[in-house]
$ cat protein31.tsv   # TSV, C-alpha atoms
chain	number	residue	atom	x	y	z
A	20	MET	CA	81.90	100.56	108.75
A	21	ASN	CA	79.46	98.05	107.34
A	22	ASP	CA	80.72	98.05	103.78
A	23	ARG	CA	83.42	95.73	102.50
A	24	TYR	CA	85.35	98.34	100.55
A	25	PHE	CA	86.63	101.88	100.52
A	26	ILE	CA	88.44	103.76	97.77
A	27	SER	CA	91.95	105.08	98.32
A	28	CYS	CA	92.67	108.25	96.33
A	29	ASP	CA	96.16	109.70	96.01
A	30	TRP	CA	95.69	112.99	94.12
A	31	GLY	CA	99.02	114.63	93.54
A	32	THR	CA	100.07	117.65	91.53
A	33	SER	CA	100.67	115.69	88.33
A	34	ALA	CA	98.87	112.36	88.78
A	35	LEU	CA	95.73	110.73	90.16
A	36	ARG	CA	95.64	107.19	91.51
A	37	LEU	CA	92.52	105.38	92.72
A	38	ARG	CA	92.50	101.96	94.40
A	39	LEU	CA	89.54	99.86	95.45
A	40	VAL	CA	90.54	98.46	98.84
A	41	CYS	CA	88.91	95.61	100.72
A	42	PHE	CA	88.65	96.16	104.49
A	43	ASP	CA	89.67	92.55	104.99
A	44	GLY	CA	93.47	92.75	104.97
A	45	LEU	CA	93.44	96.09	103.11
A	46	ARG	CA	93.78	94.16	99.87
A	47	VAL	CA	93.82	96.21	96.65
A	48	VAL	CA	91.16	94.80	94.32
A	49	ALA	CA	91.59	97.16	91.36
A	50	GLU	CA	93.47	100.31	90.42
A	51	GLU	CA	93.01	103.29	88.12
A	52	THR	CA	95.78	105.76	87.31
A	53	SER	CA	95.72	108.97	85.30
A	54	ASP	CA	97.84	112.03	84.56
A	55	THR	CA	94.86	114.17	85.58
A	56	GLY	CA	96.65	115.67	88.54
A	57	ILE	CA	95.55	118.60	90.65
A	58	ALA	CA	97.47	121.13	88.52
A	59	LYS	CA	95.76	120.01	85.29
A	60	THR	CA	92.36	119.84	87.01
A	61	TYR	CA	92.78	123.35	88.42
A	62	GLN	CA	93.69	124.74	85.00
A	63	GLN	CA	90.65	123.08	83.44
A	64	TRP	CA	88.37	124.41	86.19
A	65	GLN	CA	89.68	127.95	85.66
A	66	LYS	CA	88.88	127.58	81.97
A	67	ASP	CA	85.44	125.96	82.34
A	68	GLY	CA	84.23	127.62	85.54
A	69	GLY	CA	81.44	126.35	87.73
A	70	GLN	CA	81.23	125.34	91.37
A	71	ARG	CA	84.70	124.22	92.35
A	72	GLU	CA	83.97	121.20	94.53
A	73	SER	CA	81.43	119.88	92.05
A	74	PHE	CA	83.89	120.23	89.18
A	75	TYR	CA	86.60	118.27	91.01
A	76	ALA	CA	84.05	115.68	92.15
A	77	GLY	CA	83.03	115.24	88.52
A	78	ILE	CA	86.64	114.46	87.56
A	79	LEU	CA	86.82	111.88	90.33
A	80	ARG	CA	83.54	110.30	89.28
A	81	GLU	CA	84.80	109.83	85.72
A	82	HIS	CA	87.77	107.84	86.98
A	83	LEU	CA	85.67	106.02	89.56
A	84	ASN	CA	83.54	104.76	86.69
A	85	ASN	CA	86.69	103.35	85.08
A	86	LEU	CA	87.64	101.73	88.39
A	87	ALA	CA	84.18	100.18	88.71
A	88	GLU	CA	84.45	98.75	85.19
A	89	LYS	CA	87.86	97.24	85.94
A	90	SER	CA	86.76	95.71	89.23
A	91	GLY	CA	83.27	94.63	88.22
A	92	ILE	CA	82.04	96.03	91.54
A	93	GLY	CA	79.50	98.84	91.89
A	94	LEU	CA	81.18	101.76	93.64
A	95	GLU	CA	78.22	104.12	94.04
A	96	GLY	CA	78.15	105.46	97.59
A	97	LYS	CA	81.47	103.95	98.68
A	98	ILE	CA	83.66	106.31	100.68
A	99	VAL	CA	86.61	107.83	98.83
A	100	MET	CA	89.57	108.78	101.07
A	101	VAL	CA	91.42	111.61	99.34
A	102	ALA	CA	95.01	112.43	100.31
A	103	GLY	CA	97.54	114.72	98.67
A	104	MET	CA	97.16	118.05	96.91
A	105	ALA	CA	93.35	117.95	96.82
A	106	THR	CA	93.35	120.08	99.99
A	107	SER	CA	95.84	122.65	98.66
A	108	SER	CA	95.14	126.15	97.36
A	109	ILE	CA	94.63	124.69	93.86
A	110	GLY	CA	92.74	121.64	95.07
A	111	MET	CA	89.15	120.60	95.52
A	112	LYS	CA	88.86	122.35	98.88
A	113	GLU	CA	91.68	124.15	100.66
A	114	LEU	CA	92.03	122.94	104.23
A	115	PRO	CA	94.20	124.41	106.98
A	116	TYR	CA	97.28	122.43	107.84
A	117	GLY	CA	97.28	120.24	110.92
A	118	ALA	CA	99.82	121.15	113.58
A	119	LEU	CA	102.77	119.40	115.16
A	120	PRO	CA	103.11	117.24	117.12
A	121	MET	CA	100.84	114.94	115.10
A	122	PRO	CA	99.85	111.61	116.68
A	123	LEU	CA	100.01	108.56	114.45
A	124	ASP	CA	96.50	107.45	115.44
A	125	GLY	CA	94.91	109.68	112.77
A	126	SER	CA	93.35	112.12	115.22
A	127	GLY	CA	95.54	115.14	114.52
A	128	LEU	CA	94.48	115.96	110.97
A	129	GLU	CA	91.84	118.27	109.56
A	130	THR	CA	89.26	116.46	107.41
A	131	TYR	CA	86.45	117.64	105.19
A	132	GLY	CA	83.49	115.68	103.89
A	133	ALA	CA	82.21	116.52	100.42
A	134	GLY	CA	79.48	113.96	99.83
A	135	ARG	CA	81.18	110.57	99.57
A	136	PHE	CA	84.63	112.16	99.41
A	137	LEU	CA	86.61	112.58	102.63
A	138	LEU	CA	89.54	114.94	102.17
A	139	ILE	CA	92.56	114.69	104.46
A	140	SER	CA	94.57	117.82	105.24
A	141	GLY	CA	98.31	118.22	105.31
A	142	VAL	CA	100.57	119.25	108.18
A	143	SER	CA	102.79	122.27	108.75
A	144	GLY	CA	105.61	122.91	111.16
A	145	ASN	CA	109.10	124.32	111.39
A	146	ASN	CA	108.49	126.56	108.35
A	147	ASP	CA	107.75	123.49	106.23
A	148	VAL	CA	104.61	121.85	104.84
A	149	MET	CA	103.46	118.51	103.48
A	150	ARG	CA	100.29	117.10	101.95
A	151	GLY	CA	100.01	113.35	101.53
A	152	GLU	CA	103.16	112.29	103.36
A	153	GLU	CA	101.46	112.80	106.72
A	154	THR	CA	98.95	110.09	105.80
A	155	LYS	CA	101.79	107.74	104.85
A	156	ALA	CA	103.44	108.49	108.20
A	157	ILE	CA	100.26	107.42	109.99
A	158	GLY	CA	100.29	104.20	107.97
A	159	CYS	CA	103.82	103.45	109.19
A	160	ALA	CA	102.78	103.36	112.87
A	161	ALA	CA	102.76	99.56	113.11
A	162	TYR	CA	106.41	99.44	112.04
A	163	LEU	CA	107.69	102.04	114.49
A	164	PRO	CA	108.62	101.64	118.16
A	165	ALA	CA	106.55	103.71	120.61
A	166	ILE	CA	109.62	104.97	122.47
A	167	PRO	CA	110.74	108.49	123.49
A	168	GLU	CA	113.54	108.52	120.94
A	169	ASP	CA	113.66	110.08	117.48
A	170	VAL	CA	113.31	107.79	114.50
A	171	TYR	CA	113.29	109.04	110.92
A	172	LEU	CA	110.97	108.21	108.05
A	173	LEU	CA	112.88	108.72	104.81
A	174	MET	CA	110.36	109.30	101.99
A	175	PRO	CA	111.95	109.70	98.52
A	176	GLY	CA	110.15	111.43	95.68
A	177	THR	CA	110.09	114.63	93.70
A	178	HIS	CA	110.22	116.47	97.01
A	179	PRO	CA	111.55	113.94	99.55
A	180	LYS	CA	110.60	114.23	103.20
A	181	HIS	CA	112.60	113.37	106.32
A	182	ILE	CA	109.94	112.94	109.00
A	183	VAL	CA	110.86	112.75	112.68
A	184	VAL	CA	108.72	110.46	114.84
A	185	ASN	CA	109.06	110.29	118.61
A	186	ASN	CA	106.81	108.09	120.78
A	187	HIS	CA	104.38	107.62	117.87
A	188	ARG	CA	104.06	111.36	117.22
A	189	VAL	CA	105.43	113.31	114.27
A	190	THR	CA	107.48	116.05	115.90
A	191	GLY	CA	109.21	117.54	112.87
A	192	PHE	CA	110.07	117.14	109.20
A	193	ARG	CA	112.13	118.65	106.40
A	194	THR	CA	111.45	118.81	102.66
A	195	PHE	CA	114.17	118.50	100.00
A	196	MET	CA	114.06	119.43	96.32
A	197	THR	CA	116.14	116.40	95.32
A	198	GLY	CA	113.93	114.94	92.60
A	199	GLU	CA	112.82	118.20	91.03
A	200	ILE	CA	116.33	119.70	90.89
A	201	PHE	CA	117.70	116.44	89.49
A	202	GLY	CA	115.05	116.56	86.77
A	203	LEU	CA	115.91	120.12	85.85
A	204	LEU	CA	119.66	119.52	85.86
A	205	SER	CA	119.45	116.33	83.80
A	206	THR	CA	117.11	117.77	81.14
A	207	GLU	CA	117.39	121.57	81.10
A	208	SER	CA	120.89	122.53	82.25
A	209	ILE	CA	124.32	122.38	80.63
A	210	LEU	CA	124.69	118.99	82.32
A	211	SER	CA	121.93	117.49	80.17
A	212	ALA	CA	124.40	116.92	77.31
A	213	SER	CA	126.60	114.86	79.63
A	214	VAL	CA	124.04	112.36	80.89
A	215	ASN	CA	121.66	109.77	79.47
A	216	ALA	CA	118.79	108.27	81.45
A	217	HIS	CA	118.62	104.96	79.54
A	218	GLY	CA	119.75	101.87	81.38
A	219	ASP	CA	119.55	100.77	85.01
A	220	VAL	CA	121.81	100.78	88.03
A	221	GLU	CA	122.44	97.01	88.04
A	222	PRO	CA	125.63	97.09	85.93
A	223	GLU	CA	128.62	97.30	88.29
A	224	ALA	CA	129.96	100.40	86.53
A	225	CYS	CA	126.70	102.29	87.15
A	226	ARG	CA	126.61	101.25	90.80
A	227	THR	CA	130.23	102.33	91.23
A	228	ARG	CA	129.59	105.74	89.68
A	229	PHE	CA	126.41	106.21	91.71
A	230	ALA	CA	128.23	105.38	94.96
A	231	ALA	CA	131.03	107.80	94.04
A	232	GLY	CA	128.44	110.51	93.45
A	233	VAL	CA	126.77	109.75	96.79
A	234	ARG	CA	130.05	110.15	98.65
A	235	ALA	CA	130.90	113.38	96.81
A	236	GLY	CA	127.45	114.87	97.38
A	237	PHE	CA	127.48	113.90	101.04
A	238	ALA	CA	130.92	115.35	101.82
A	239	GLY	CA	131.53	118.06	99.24
A	240	ASN	CA	130.18	121.41	98.09
A	241	LEU	CA	127.23	120.47	95.87
A	242	LEU	CA	127.48	123.57	93.66
A	243	HIS	CA	131.06	122.66	92.84
A	244	GLU	CA	130.52	118.91	92.65
A	245	LEU	CA	127.73	119.34	90.11
A	246	PHE	CA	130.15	120.79	87.58
A	247	MET	CA	132.16	117.59	87.84
A	248	VAL	CA	129.35	115.91	85.88
A	249	ARG	CA	130.40	118.13	82.99
A	250	THR	CA	134.11	117.41	83.40
A	251	ASN	CA	133.38	113.69	83.73
A	252	GLN	CA	132.29	113.85	80.11
A	253	LEU	CA	134.87	116.31	78.81
A	254	LEU	CA	138.00	114.99	80.49
A	255	GLN	CA	137.25	111.43	81.54
A	256	HIS	CA	134.91	110.56	78.65
A	257	MET	CA	132.56	108.91	81.12
A	258	ASP	CA	129.69	106.91	79.66
A	259	PRO	CA	126.59	109.19	79.77
A	260	VAL	CA	124.46	106.51	81.48
A	261	GLU	CA	127.10	106.08	84.18
A	262	ASN	CA	127.30	109.86	84.47
A	263	TRP	CA	123.52	110.01	84.92
A	264	TYR	CA	123.89	107.79	87.97
A	265	TYR	CA	126.80	109.87	89.21
A	266	LEU	CA	124.54	112.95	89.08
A	267	SER	CA	121.76	111.04	90.83
A	268	GLY	CA	124.21	110.00	93.52
A	269	LEU	CA	125.34	113.60	94.03
A	270	MET	CA	121.78	114.76	94.67
A	271	ILE	CA	120.83	111.90	96.98
A	272	GLY	CA	124.12	112.11	98.88
A	273	ALA	CA	123.63	115.82	99.49
A	274	GLU	CA	120.12	115.13	100.76
A	275	LEU	CA	121.20	112.35	103.11
A	276	ALA	CA	123.84	114.59	104.65
A	277	ALA	CA	120.94	116.17	106.56
A	278	LEU	CA	120.24	112.97	108.50
A	279	PRO	CA	121.64	113.02	112.05
A	280	ALA	CA	124.16	110.31	112.80
A	281	GLY	CA	123.03	107.31	114.78
A	282	VAL	CA	119.26	107.62	114.32
A	283	ALA	CA	117.00	104.76	113.25
A	284	VAL	CA	115.99	105.26	109.62
A	285	TYR	CA	112.91	103.70	108.00
A	286	LEU	CA	112.82	103.89	104.20
A	287	VAL	CA	109.25	104.52	103.00
A	288	SER	CA	109.44	104.07	99.26
A	289	GLY	CA	108.15	102.56	96.06
A	290	PRO	CA	110.30	100.45	93.75
A	291	ALA	CA	111.32	103.46	91.64
A	292	HIS	CA	113.38	104.89	94.49
A	293	GLU	CA	114.01	101.99	96.84
A	294	THR	CA	117.04	100.59	95.02
A	295	LEU	CA	118.91	103.88	94.76
A	296	TYR	CA	118.16	105.08	98.29
A	297	SER	CA	119.06	101.67	99.73
A	298	LEU	CA	122.36	101.72	97.84
A	299	ALA	CA	123.02	105.30	98.94
A	300	CYS	CA	122.42	104.42	102.60
A	301	GLU	CA	124.64	101.35	102.25
A	302	THR	CA	127.38	103.51	100.72
A	303	LEU	CA	127.20	106.00	103.59
A	304	ARG	CA	126.82	103.25	106.23
A	305	ILE	CA	123.40	104.52	107.27
A	306	PRO	CA	121.56	101.45	108.62
A	307	ILE	CA	117.97	101.04	107.41
A	308	ALA	CA	115.83	99.64	110.23
A	309	ALA	CA	113.09	98.57	107.79
A	310	THR	CA	111.79	99.28	104.31
A	311	ILE	CA	108.08	100.13	104.15
A	312	ASP	CA	106.09	100.12	100.92
A	313	ALA	CA	104.88	103.70	100.36
A	314	ASP	CA	101.60	102.65	98.71
A	315	GLU	CA	100.79	100.29	101.56
A	316	ALA	CA	101.60	103.06	104.06
A	317	LEU	CA	99.22	105.46	102.32
A	318	ILE	CA	96.36	102.95	102.30
A	319	ARG	CA	96.92	102.02	105.94
A	320	GLY	CA	97.06	105.69	106.87
A	321	GLN	CA	93.80	106.42	105.08
A	322	PHE	CA	92.17	103.42	106.75
A	323	THR	CA	93.34	104.68	110.16
A	324	VAL	CA	91.87	108.12	109.53
A	325	LEU	CA	88.64	106.54	108.27
A	326	SER	CA	88.43	104.32	111.35
A	327	THR	CA	88.91	107.38	113.56
A	328	MET	CA	86.20	109.33	111.72
A	329	MET	CA	83.48	106.71	111.38
A	330	PRO	CA	82.19	106.70	114.97
A	331	HIS	CA	81.33	110.39	114.45
A	332	PRO	CA	81.25	111.04	110.68
A	333	PRO	CA	80.97	114.59	109.38
A	334	GLU	CA	77.39	115.59	108.57
A	335	SER	CA	77.94	115.39	104.82
A	336	LEU	CA	79.11	111.77	105.19
A	337	SER	CA	76.27	110.60	107.39
A	338	SER	CA	74.09	109.64	104.41
A	339	VAL	CA	76.84	107.80	102.51

$ encode --input "protein31.tsv" --output "structure tokens"
Amino acid sequence: MNDRYFISCDWGTSALRLRLVCFDGLRVVAEETSDTGIAKTYQQWQKDGGQRESFYAGILREHLNNLAEKSGIGLEGKIVMVAGMATSSIGMKELPYGALPMPLDGSGLETYGAGRFLLISGVSGNNDVMRGEETKAIGCAAYLPAIPEDVYLLMPGTHPKHIVVNNHRVTGFRTFMTGEIFGLLSTESILSASVNAHGDVEPEACRTRFAAGVRAGFAGNLLHELFMVRTNQLLQHMDPVENWYYLSGLMIGAELAALPAGVAVYLVSGPAHETLYSLACETLRIPIAATIDADEALIRGQFTVLSTMMPHPPESLSSV
């Protein structure tokens, strides 16, 4: 790798994020974000037609031009590491899932070179799938002990993942609908009239309600406990912002009930989720061994895969 930079691409269903990364310290030099996710790109491609890979590459090039303008650095020919939904059935190129167990050295994933773009596949196992989180897991390797005991990576999000790592190999994982169901309940269901998303969890009343929701979701029947959000408003006249955090606590508590007792838990998160998941784990007395920045994990994971590939690059990358 004789260049100073590579480009980290996180292409999810609803958003696209590009980062220009310096090999020296994996420092982010510039960033470009867009709501041009894979779903929107796929819909536009169906409408416009044309060769699929070229169409998706054209979308990436548009945003790479913006990134070049922001950074003041010419990006032509620089490798773009693409993780996320770009390898799904609606992505740039559908790739087969890698299999478990998956080593954290980057060698267990399918990759595909499309010119300067190197696409990273997802992983399947135990009747579950993920695309993107596997790359973050690889980026967490430096934080995890290489011991024959299970440790858990807790990755919040729209569809949180609980990833089991044993001796630096991913041996299993489970996906939860926490974020998506919360979004539907808080905006589309009968509960939407009882909650209000404005405000933050710092006020003591919000933290108290959130913790109460966590405990109820962890120990109770979620389908029953959810209706209590409605009765909180009707009978207790609970503040709708506090009730919003109570509902959030219910969902997160129900999710965390799936964690086995006594395992080491590493929280892999961005700031949007770190506070709530940390508070939920504190409430349930689930010790967090370390908190790992999810963006940093993704970049480190992409760099690991790139380092693994470069001694023997795919044919389409050999001229990059």

$ residues_around --input "protein31.tsv" --residues "region 287-303 of chain A" --least-positions-apart "2" --cutoff "9 Å" --atoms "all atoms listed in the file" --output "compact mmCIF listing (two decimals) with C-alpha atoms, in the frame of the given file"
# COMPACT_ATOMS: atom_id res chain seq x y z
CA LYS A 155 101.79 107.74 104.85
CA ALA A 156 103.44 108.49 108.20
CA CYS A 159 103.82 103.45 109.19
CA LEU A 172 110.97 108.21 108.05
CA LEU A 173 112.88 108.72 104.81
CA MET A 174 110.36 109.30 101.99
CA PRO A 175 111.95 109.70 98.52
CA GLY A 176 110.15 111.43 95.68
CA VAL A 220 121.81 100.78 88.03
CA ARG A 226 126.61 101.25 90.80
CA PHE A 229 126.41 106.21 91.71
CA ALA A 230 128.23 105.38 94.96
CA ALA A 231 131.03 107.80 94.04
CA VAL A 233 126.77 109.75 96.79
CA ARG A 234 130.05 110.15 98.65
CA PHE A 237 127.48 113.90 101.04
CA SER A 267 121.76 111.04 90.83
CA GLY A 268 124.21 110.00 93.52
CA ILE A 271 120.83 111.90 96.98
CA GLY A 272 124.12 112.11 98.88
CA LEU A 275 121.20 112.35 103.11
CA TYR A 285 112.91 103.70 108.00
CA ILE A 305 123.40 104.52 107.27
CA PRO A 306 121.56 101.45 108.62
CA ILE A 307 117.97 101.04 107.41
CA ALA A 309 113.09 98.57 107.79
CA THR A 310 111.79 99.28 104.31
CA ILE A 311 108.08 100.13 104.15
CA ASP A 312 106.09 100.12 100.92
CA ALA A 313 104.88 103.70 100.36
CA ASP A 314 101.60 102.65 98.71
CA ALA A 316 101.60 103.06 104.06

$ axis_aligned_box --input "protein31.tsv" --around "region 251-257 of chain A" --padding-each-side "3 Å" --output "lines of an AutoDock Vina configuration file"
center_x = 135.1
center_y = 112.6
center_z = 81.2
size_x = 11.7
size_y = 13.4
size_z = 11.1

$ atom_distance --input "protein31.tsv" --atom1 "CA of Ala165 (chain A)" --atom2 "CA of Val324 (chain A)"
18.9 Å

$ atom_distance --input "protein31.tsv" --atom1 "CA of Phe195 (chain A)" --atom2 "CA of Tyr265 (chain A)"
18.7 Å

$ closest_residue --input "protein31.tsv" --among "A:Leu119, A:Cys41, A:Ile209, A:Met149" --to "Ser107 (chain A)" --atoms "all atoms listed in the file"
A:Met149

$ residues_around --input "protein31.tsv" --residues "region 243-250 of chain A" --least-positions-apart "6" --cutoff "8 Å" --atoms "all atoms listed in the file" --output "PyMOL selection string"
chain A and resi 209-210+213+235-236+262+265-266+269

$ closest_residue --input "protein31.tsv" --among "A:Glu153, A:Glu207, A:Asp219, A:Glu81" --to "Leu37 (chain A)" --atoms "all atoms listed in the file"
A:Glu81

$ atom_distance --input "protein31.tsv" --atom1 "CA of Glu51 (chain A)" --atom2 "CA of Gly110 (chain A)"
19.6 Å

$ residues_around --input "protein31.tsv" --residues "Ala49 (chain A)" --least-positions-apart "5" --cutoff "6 Å" --atoms "all atoms listed in the file" --output "NGL selection string"
:A and (38-39 or 90)

$ closest_residue --input "protein31.tsv" --among "A:Asp67, A:Glu261, A:Glu315, A:Glu88" --to "Tyr162 (chain A)" --atoms "all atoms listed in the file"
A:Glu315

$ residues_around --input "protein31.tsv" --residues "region 201-206 of chain A" --least-positions-apart "6" --cutoff "9 Å" --atoms "all atoms listed in the file" --output "list in words"
Thr177, Ala212, Ser213, Val214, Asn215, Ala216, Trp263, Leu266, Ser267 and Met270 of chain A

$ closest_residue --input "protein31.tsv" --among "A:Arg46, A:Arg36, A:Arg135, A:Arg304" --to "Gly281 (chain A)" --atoms "only C-alpha atoms"
A:Arg304

$ closest_residue --input "protein31.tsv" --among "A:Val101, A:Leu278, A:Leu45, A:Met328" --to "Val170 (chain A)" --atoms "all atoms listed in the file"
A:Leu278

$ closest_residue --input "protein31.tsv" --among "A:Val99, A:Ile109, A:Trp30, A:Phe192" --to "Gln62 (chain A)" --atoms "all atoms listed in the file"
A:Ile109

$ residues_near_point --input "protein31.tsv" --point "(92.0, 107.2, 104.1)" --cutoff "8 Å" --atoms "all atoms listed in the file" --output "NGL selection string"
:A and (27-28 or 99-102 or 137 or 139 or 154 or 317-325)

$ write_last_selection --input "protein31.tsv" --atoms "C-alpha atoms" --output "CSV table (one decimal), in the frame of the given file"
chain,number,residue,atom,x,y,z
A,27,SER,CA,92.0,105.1,98.3
A,28,CYS,CA,92.7,108.2,96.3
A,99,VAL,CA,86.6,107.8,98.8
A,100,MET,CA,89.6,108.8,101.1
A,101,VAL,CA,91.4,111.6,99.3
A,102,ALA,CA,95.0,112.4,100.3
A,137,LEU,CA,86.6,112.6,102.6
A,139,ILE,CA,92.6,114.7,104.5
A,154,THR,CA,99.0,110.1,105.8
A,317,LEU,CA,99.2,105.5,102.3
A,318,ILE,CA,96.4,103.0,102.3
A,319,ARG,CA,96.9,102.0,105.9
A,320,GLY,CA,97.1,105.7,106.9
A,321,GLN,CA,93.8,106.4,105.1
A,322,PHE,CA,92.2,103.4,106.8
A,323,THR,CA,93.3,104.7,110.2
A,324,VAL,CA,91.9,108.1,109.5
A,325,LEU,CA,88.6,106.5,108.3

$ residues_around --input "protein31.tsv" --residues "Thr190 (chain A)" --least-positions-apart "4" --cutoff "7 Å" --atoms "only C-alpha atoms" --output "list in words"
Leu119, Pro120, Met121, Val183, Val184 and Asn185 of chain A

$ write_last_selection --input "protein31.tsv" --atoms "C-alpha atoms" --output "PDB file, in the frame of the given file"
ATOM      1  CA  LEU A 119     102.770 119.400 115.160  1.00  0.00           C
ATOM      2  CA  PRO A 120     103.110 117.240 117.120  1.00  0.00           C
ATOM      3  CA  MET A 121     100.840 114.940 115.100  1.00  0.00           C
ATOM      4  CA  VAL A 183     110.860 112.750 112.680  1.00  0.00           C
ATOM      5  CA  VAL A 184     108.720 110.460 114.840  1.00  0.00           C
ATOM      6  CA  ASN A 185     109.060 110.290 118.610  1.00  0.00           C
TER       7      ASN A 185
END

$ decode --input "protein31.tsv" --residues "region 63-82 of chain A" --atoms "C-alpha atoms" --output "mmCIF file, in the first residue's frame"
data_model
loop_
_atom_site.group_PDB
_atom_site.id
_atom_site.type_symbol
_atom_site.label_atom_id
_atom_site.label_comp_id
_atom_site.auth_asym_id
_atom_site.auth_seq_id
_atom_site.Cartn_x
_atom_site.Cartn_y
_atom_site.Cartn_z
ATOM 1 C CA GLN A 63 -33.409 5.246 -8.988
ATOM 2 C CA TRP A 64 -31.543 2.511 -10.879
ATOM 3 C CA GLN A 65 -34.802 0.635 -11.512
ATOM 4 C CA LYS A 66 -36.260 3.837 -12.920
ATOM 5 C CA ASP A 67 -33.252 4.899 -15.029
ATOM 6 C CA GLY A 68 -31.896 1.490 -16.045
ATOM 7 C CA GLY A 69 -28.406 0.831 -17.318
ATOM 8 C CA GLN A 70 -25.575 -1.391 -16.148
ATOM 9 C CA ARG A 71 -26.055 -1.838 -12.432
ATOM 10 C CA GLU A 72 -22.489 -1.631 -11.139
ATOM 11 C CA SER A 73 -21.761 1.386 -13.312
ATOM 12 C CA PHE A 74 -24.866 3.173 -12.065
ATOM 13 C CA TYR A 75 -23.936 2.653 -8.412
ATOM 14 C CA ALA A 76 -20.320 3.596 -9.127
ATOM 15 C CA GLY A 77 -21.578 6.830 -10.684
ATOM 16 C CA ILE A 78 -23.451 7.682 -7.471
ATOM 17 C CA LEU A 79 -20.301 7.065 -5.462
ATOM 18 C CA ARG A 80 -18.208 9.192 -7.803
ATOM 19 C CA GLU A 81 -20.571 12.141 -7.379
ATOM 20 C CA HIS A 82 -20.076 12.063 -3.616
#
